[in-house]
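Notes for the one structure printed next.
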Amino acid sequence: MIFEGLADRLQATFKKLRGRGKLTEDDVNEAMREVRMALLEADVNFKVVKDFIKKVKERAIGQEVLDTLTPAQVVIKIVNDELTALMGDTQSRINISSKPPTVIMLAGLQGAGKTTTAGKLAYTLKKQGKRPLLVAADVYRPAAIKQLQVLGEQLDLPVFTMPEGTNPVTIAEQAIVHAASYANDIVIIDTAGRLHINEELMQELKAIKQTVKPHEILLVVDAMTGQDAVNVAEHFNNDLGLDGVILTKLDGDARGGAALSVKAVTGCPIKFVGMGEKLEALEAFHPDRMASRILG
Ligand code: GDP
């Protein structure tokens, strides 16, 4: 379960604080030391933790707060607000174009869960009454094309493929032409991944972006890789420009460092989270619910 360790530690800290009644500045400082340690242990980015603690302290160590009847409650509320703000305040949605088809490009490193997420996203949009077309543009991994075709069959949704050796830019371009003639209002492009970020990958993604001008470029990253996921997101955002992040494998991430750092480090909101291997296991990311999960 995500935030397991963090939730336990913060809840213990705040239980102590609540037991105190009236609070002094030292009490708040002591609690913030514990919050800081807990966040670092949850693998939250160092700079993010520093800024977070500074903000909470500034708000908490004011006379108005410490003089209230339930100061601990107020401090907890401030932590809750700031945790929510850290993750992006409000839920971020997919940008649906007024002129169909809406083109969604998925990018990410190999193994992050990109192809699975393409299927999950198609399933989610289909449930909302859309008619998505899945596009197999991962030409380097023939298994990925097959994998997408299997997902398409399961979902009863079309999958656009082209013969081996076709350039991914051509595939993406042709897919959009196809979508227009078959009344598919959403196009989900599953691009190729690599084991590591390299120039060749970025050039290919930039070429697709330039040609098809996607309405949404979403990066799929594996939450279990913690700060690596955040670094990957930062790199992709700088090079390619992202509209959002989909954080996968949150079901296996006990710490939650990536979920808490991605927005603060990159400025890109997390739009969805993957909570398992099944097609139904994609959830919209709600910063406020995540914060409540941490504070109990
Ligand atoms: P790609 O190389 O990025 O296209 O990755 P795949 O879509 O092939 O996924 C790699 C592995 O991660 C597969 O075994 C998926 O079932 C698994 N996977 C993807 N998303 C999730 C998730 O949210 N939770 C869990 N537990 N596994 C996932």
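Note on naming: chains are A, B, ... as they come in the structure tokens, residues start from 1 per chain, ligands start from 1 in the order shown.
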
For this session: Per DSSP on the backbone, filter range 2-246 of chain A down to the residues in strand (DSSP E) and report them as a VMD selection string.
Result: chain A and resid 102 to 108 132 to 137 159 to 160 186 to 191 216 to 222 244 to 246

Store the residues picked out above, limited to C-alpha atoms, as an mmCIF file, in the first residue's frame.
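Dumped everything to out.cif:
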data_model
loop_
_atom_site.group_PDB
_atom_site.id
_atom_site.type_symbol
_atom_site.label_atom_id
_atom_site.label_comp_id
_atom_site.auth_asym_id
_atom_site.auth_seq_id
_atom_site.Cartn_x
_atom_site.Cartn_y
_atom_site.Cartn_z
ATOM 1 C CA THR A 102 -8.032 14.111 -29.641
ATOM 2 C CA VAL A 103 -4.500 12.786 -30.043
ATOM 3 C CA ILE A 104 -2.826 11.371 -26.941
ATOM 4 C CA MET A 105 0.820 10.399 -27.189
ATOM 5 C CA LEU A 106 2.228 8.077 -24.541
ATOM 6 C CA ALA A 107 5.964 8.114 -23.930
ATOM 7 C CA GLY A 108 8.173 6.331 -21.436
ATOM 8 C CA PRO A 132 -10.555 5.287 -29.015
ATOM 9 C CA LEU A 133 -8.148 3.992 -31.639
ATOM 10 C CA LEU A 134 -4.981 2.373 -30.281
ATOM 11 C CA VAL A 135 -1.861 2.945 -32.359
ATOM 12 C CA ALA A 136 1.136 0.616 -32.291
ATOM 13 C CA ALA A 137 4.111 2.898 -32.916
ATOM 14 C CA VAL A 159 -5.653 -1.219 -33.130
ATOM 15 C CA PHE A 160 -3.838 0.570 -35.933
ATOM 16 C CA ILE A 186 -9.532 9.570 -29.573
ATOM 17 C CA VAL A 187 -6.163 8.376 -30.862
ATOM 18 C CA ILE A 188 -3.798 6.814 -28.338
ATOM 19 C CA ILE A 189 -0.263 6.447 -29.676
ATOM 20 C CA ASP A 190 1.923 3.850 -27.939
ATOM 21 C CA THR A 191 5.446 5.015 -28.781
ATOM 22 C CA GLU A 216 -1.735 15.482 -24.760
ATOM 23 C CA ILE A 217 1.750 14.113 -24.275
ATOM 24 C CA LEU A 218 1.702 11.894 -21.237
ATOM 25 C CA LEU A 219 4.760 10.277 -19.718
ATOM 26 C CA VAL A 220 4.353 6.827 -18.209
ATOM 27 C CA VAL A 221 6.741 6.234 -15.297
ATOM 28 C CA ASP A 222 7.151 3.454 -12.776
ATOM 29 C CA GLY A 244 1.097 15.211 -17.566
ATOM 30 C CA VAL A 245 2.419 12.061 -15.992
ATOM 31 C CA ILE A 246 0.873 8.654 -15.449
#

Excluding Gly256 in chain A and any residue of its chain fewer than 2 positions from it, enumerate the residues within 9 Å of it, using only C-alpha atoms, and give them as a CSV table (one decimal) with C-alpha atoms, in the first residue's frame.
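Final output, out_29.csv:
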chain,number,residue,atom,x,y,z
A,2,ILE,CA,1.3,3.4,-0.9
A,3,PHE,CA,2.4,5.8,1.8
A,4,GLU,CA,2.4,3.0,4.4
A,6,LEU,CA,4.9,7.7,5.8
A,42,ALA,CA,9.6,8.0,1.9
A,43,ASP,CA,12.1,9.0,-0.8
A,44,VAL,CA,10.7,12.4,-1.4
A,223,ALA,CA,6.4,4.7,-9.2
A,224,MET,CA,8.6,1.9,-7.8
A,226,GLY,CA,11.2,6.5,-6.8
A,250,LEU,CA,1.5,2.5,-7.3
A,253,ASP,CA,5.0,1.4,-4.1
A,254,ALA,CA,5.0,1.5,-0.3
A,258,ALA,CA,7.6,9.8,-6.8
A,259,ALA,CA,3.9,10.6,-6.2
A,260,LEU,CA,4.9,13.4,-3.8
A,261,SER,CA,7.7,14.8,-5.9

Exercise. Mind listing the residues within 8 Å of ligand 1, only C-alpha atoms and all ligand atoms counted, as a PyMOL selection string?
Worked result: chain A and resi 108-118+144+147+190+192-193+220+222+247-252+273-278+281-282

Exercise. From the set A:Asp89, A:Glu234, A:Glu283, A:Glu41, which residue has the shortest atom-to-atom contact distance to Gly267 in chain A, counting only C-alpha atoms?
Worked result: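 For Gly267 in chain A, the nearest of the given residues is A:Glu234.
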
Exercise. Hey, what's within 12 Å of Met87 in chain A if we count only C-alpha atoms and toss same-chain stuff fewer than 6 positions away? As a ChimeraX atom specification, please?
Worked result: /A:44,48,52,80-81,245,256-271,285-291

Exercise. Could you pull out all residues of range 100-235 of chain A with a DSSP call of helix (DSSP H, G or I) and give them as a VMD selection string?
Worked result: chain A and resid 114 to 127 142 to 155 168 to 181 199 to 212 223 to 225 227 to 235

Exercise. Could you work out how far CA of Arg255 in chain A lies from CA of Ala12 in chain A, giving the answer in Å with one decimal?
Worked result: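 A separation of 16.6 Å between them.
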
Exercise. Which polymer residues have any atom within 12 Å of an atom of Ala207 in chain A, counting only C-alpha atoms, with same-chain residues fewer than 6 positions away left out, as a PyMOL selection string?
Worked result: chain A and resi 167-173+191+200-201+213-214+240

Save the residues we just selected, C-alpha atoms, as a PDB file, in the first residue's frame?
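Listed below is the output, again.pdb:
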ATOM      1  CA  ASN A 167       8.671   4.836 -39.671  1.00  0.00           C
ATOM      2  CA  PRO A 168       6.797   5.616 -36.404  1.00  0.00           C
ATOM      3  CA  VAL A 169       6.089   9.165 -37.620  1.00  0.00           C
ATOM      4  CA  THR A 170       4.306   7.759 -40.688  1.00  0.00           C
ATOM      5  CA  ILE A 171       2.387   5.319 -38.494  1.00  0.00           C
ATOM      6  CA  ALA A 172       1.177   8.123 -36.222  1.00  0.00           C
ATOM      7  CA  GLU A 173       0.249  10.317 -39.164  1.00  0.00           C
ATOM      8  CA  THR A 191       5.446   5.015 -28.781  1.00  0.00           C
ATOM      9  CA  GLU A 200      17.729   8.548 -30.639  1.00  0.00           C
ATOM     10  CA  LEU A 201      14.599   8.047 -28.508  1.00  0.00           C
ATOM     11  CA  LYS A 213       0.890  17.818 -32.725  1.00  0.00           C
ATOM     12  CA  PRO A 214      -0.710  15.746 -29.953  1.00  0.00           C
ATOM     13  CA  LEU A 240       9.831  16.972 -25.138  1.00  0.00           C
TER      14      LEU A 240
END

Problem set entry | Neighbour list for Val35 in chain A as a list in words, cut-off 10 Å, only C-alpha atoms, skip fewer than 4 positions in-chain |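 Skipping anything fewer than 4 positions along the chain leaves Leu6, Arg9, Leu10, Gln11, Thr13, Phe14, Asn29, Glu30, Ala31, Leu39, Leu40, Glu41, Val49, Phe52, Ile53 and Val79 of chain A.
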
Write out the residues from the selection above, keeping all heavy atoms, as a compact mmCIF listing (two decimals), in the first residue's frame.
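As a result, selection03.txt now contains:
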# COMPACT_ATOMS: atom_id res chain seq x y z
N LEU A 6 5.11 6.29 5.59
CA LEU A 6 4.92 7.73 5.80
C LEU A 6 3.67 8.00 6.64
O LEU A 6 3.69 8.78 7.59
CB LEU A 6 4.80 8.42 4.43
CG LEU A 6 4.64 9.93 4.45
CD1 LEU A 6 5.85 10.60 5.09
CD2 LEU A 6 4.45 10.47 3.03
N ARG A 9 4.19 7.08 10.31
CA ARG A 9 5.07 8.00 11.04
C ARG A 9 4.40 9.35 11.27
O ARG A 9 4.49 9.90 12.36
CB ARG A 9 6.38 8.18 10.27
CG ARG A 9 7.09 6.84 10.18
CD ARG A 9 8.54 6.90 10.10
NE ARG A 9 9.19 8.06 10.67
CZ ARG A 9 10.47 8.27 10.53
NH1 ARG A 9 11.20 7.44 9.86
NH2 ARG A 9 11.04 9.33 11.08
N LEU A 10 3.74 9.87 10.25
CA LEU A 10 3.10 11.18 10.44
C LEU A 10 1.95 11.08 11.43
O LEU A 10 1.77 11.97 12.27
CB LEU A 10 2.61 11.74 9.11
CG LEU A 10 3.68 12.13 8.09
CD1 LEU A 10 3.09 12.99 7.00
CD2 LEU A 10 4.84 12.85 8.73
N GLN A 11 1.22 9.99 11.36
CA GLN A 11 0.10 9.85 12.30
C GLN A 11 0.60 9.75 13.74
O GLN A 11 0.00 10.31 14.65
CB GLN A 11 -0.78 8.66 11.90
CG GLN A 11 -1.63 9.02 10.66
CD GLN A 11 -2.31 7.84 10.01
OE1 GLN A 11 -2.61 6.86 10.69
NE2 GLN A 11 -2.56 7.91 8.72
N THR A 13 3.41 11.11 14.87
CA THR A 13 3.87 12.46 15.22
C THR A 13 2.70 13.34 15.64
O THR A 13 2.76 14.04 16.66
CB THR A 13 4.57 13.10 14.00
OG1 THR A 13 5.72 12.33 13.70
CG2 THR A 13 4.98 14.53 14.26
N PHE A 14 1.64 13.29 14.86
CA PHE A 14 0.51 14.18 15.14
C PHE A 14 -0.31 13.73 16.35
O PHE A 14 -0.95 14.55 16.99
CB PHE A 14 -0.34 14.37 13.89
CG PHE A 14 0.39 15.14 12.83
CD1 PHE A 14 0.39 14.73 11.51
CD2 PHE A 14 1.10 16.28 13.17
CE1 PHE A 14 1.09 15.46 10.54
CE2 PHE A 14 1.80 17.00 12.21
CZ PHE A 14 1.79 16.59 10.90
N ASN A 29 8.49 22.86 16.01
CA ASN A 29 9.79 22.55 15.39
C ASN A 29 10.13 21.08 15.52
O ASN A 29 10.62 20.46 14.58
CB ASN A 29 10.89 23.40 16.04
CG ASN A 29 10.88 24.81 15.47
OD1 ASN A 29 10.53 25.01 14.30
ND2 ASN A 29 11.22 25.78 16.28
N GLU A 30 9.86 20.52 16.69
CA GLU A 30 10.14 19.10 16.93
C GLU A 30 9.30 18.23 15.98
O GLU A 30 9.80 17.31 15.34
CB GLU A 30 9.83 18.78 18.41
CG GLU A 30 9.81 17.31 18.79
CD GLU A 30 11.17 16.64 18.63
OE1 GLU A 30 12.18 17.35 18.59
OE2 GLU A 30 11.19 15.39 18.50
N ALA A 31 8.01 18.57 15.88
CA ALA A 31 7.13 17.80 14.98
C ALA A 31 7.62 17.91 13.54
O ALA A 31 7.63 16.93 12.80
CB ALA A 31 5.69 18.32 15.10
N LEU A 39 9.43 12.20 5.48
CA LEU A 39 9.33 12.47 4.03
C LEU A 39 10.60 12.00 3.31
O LEU A 39 10.52 11.41 2.23
CB LEU A 39 9.11 13.96 3.77
CG LEU A 39 7.72 14.50 4.12
CD1 LEU A 39 7.71 16.03 4.04
CD2 LEU A 39 6.65 13.92 3.19
N LEU A 40 11.74 12.24 3.93
CA LEU A 40 13.00 11.80 3.31
C LEU A 40 13.04 10.28 3.22
O LEU A 40 13.47 9.70 2.22
CB LEU A 40 14.21 12.33 4.07
CG LEU A 40 14.45 13.84 3.93
CD1 LEU A 40 15.58 14.29 4.86
CD2 LEU A 40 14.79 14.21 2.48
N GLU A 41 12.57 9.63 4.27
CA GLU A 41 12.55 8.17 4.24
C GLU A 41 11.56 7.62 3.23
O GLU A 41 11.73 6.51 2.73
CB GLU A 41 12.27 7.60 5.63
CG GLU A 41 13.56 7.37 6.38
CD GLU A 41 13.35 6.98 7.82
OE1 GLU A 41 12.42 6.20 8.10
OE2 GLU A 41 14.12 7.47 8.67
N VAL A 49 11.33 18.48 0.06
CA VAL A 49 11.12 18.36 1.50
C VAL A 49 11.48 19.67 2.19
O VAL A 49 10.72 20.18 3.03
CB VAL A 49 11.97 17.20 2.10
CG1 VAL A 49 11.85 17.17 3.61
CG2 VAL A 49 11.54 15.87 1.50
N PHE A 52 8.91 22.30 1.54
CA PHE A 52 7.66 21.92 2.20
C PHE A 52 7.70 22.31 3.68
O PHE A 52 6.79 22.95 4.20
CB PHE A 52 7.44 20.42 2.03
CG PHE A 52 6.22 19.90 2.71
CD1 PHE A 52 4.98 19.98 2.11
CD2 PHE A 52 6.30 19.34 3.99
CE1 PHE A 52 3.85 19.51 2.75
CE2 PHE A 52 5.18 18.86 4.63
CZ PHE A 52 3.95 18.95 4.01
N ILE A 53 8.78 21.90 4.35
CA ILE A 53 8.90 22.16 5.78
C ILE A 53 8.92 23.67 6.04
O ILE A 53 8.29 24.16 6.98
CB ILE A 53 10.19 21.49 6.35
CG1 ILE A 53 10.10 19.96 6.21
CG2 ILE A 53 10.44 21.90 7.81
CD1 ILE A 53 9.02 19.28 7.04
N VAL A 79 -0.52 21.00 7.30
CA VAL A 79 0.26 19.93 6.64
C VAL A 79 -0.58 19.30 5.54
O VAL A 79 -0.10 19.06 4.42
CB VAL A 79 0.73 18.87 7.66
CG1 VAL A 79 1.34 17.66 6.96
CG2 VAL A 79 1.75 19.48 8.63
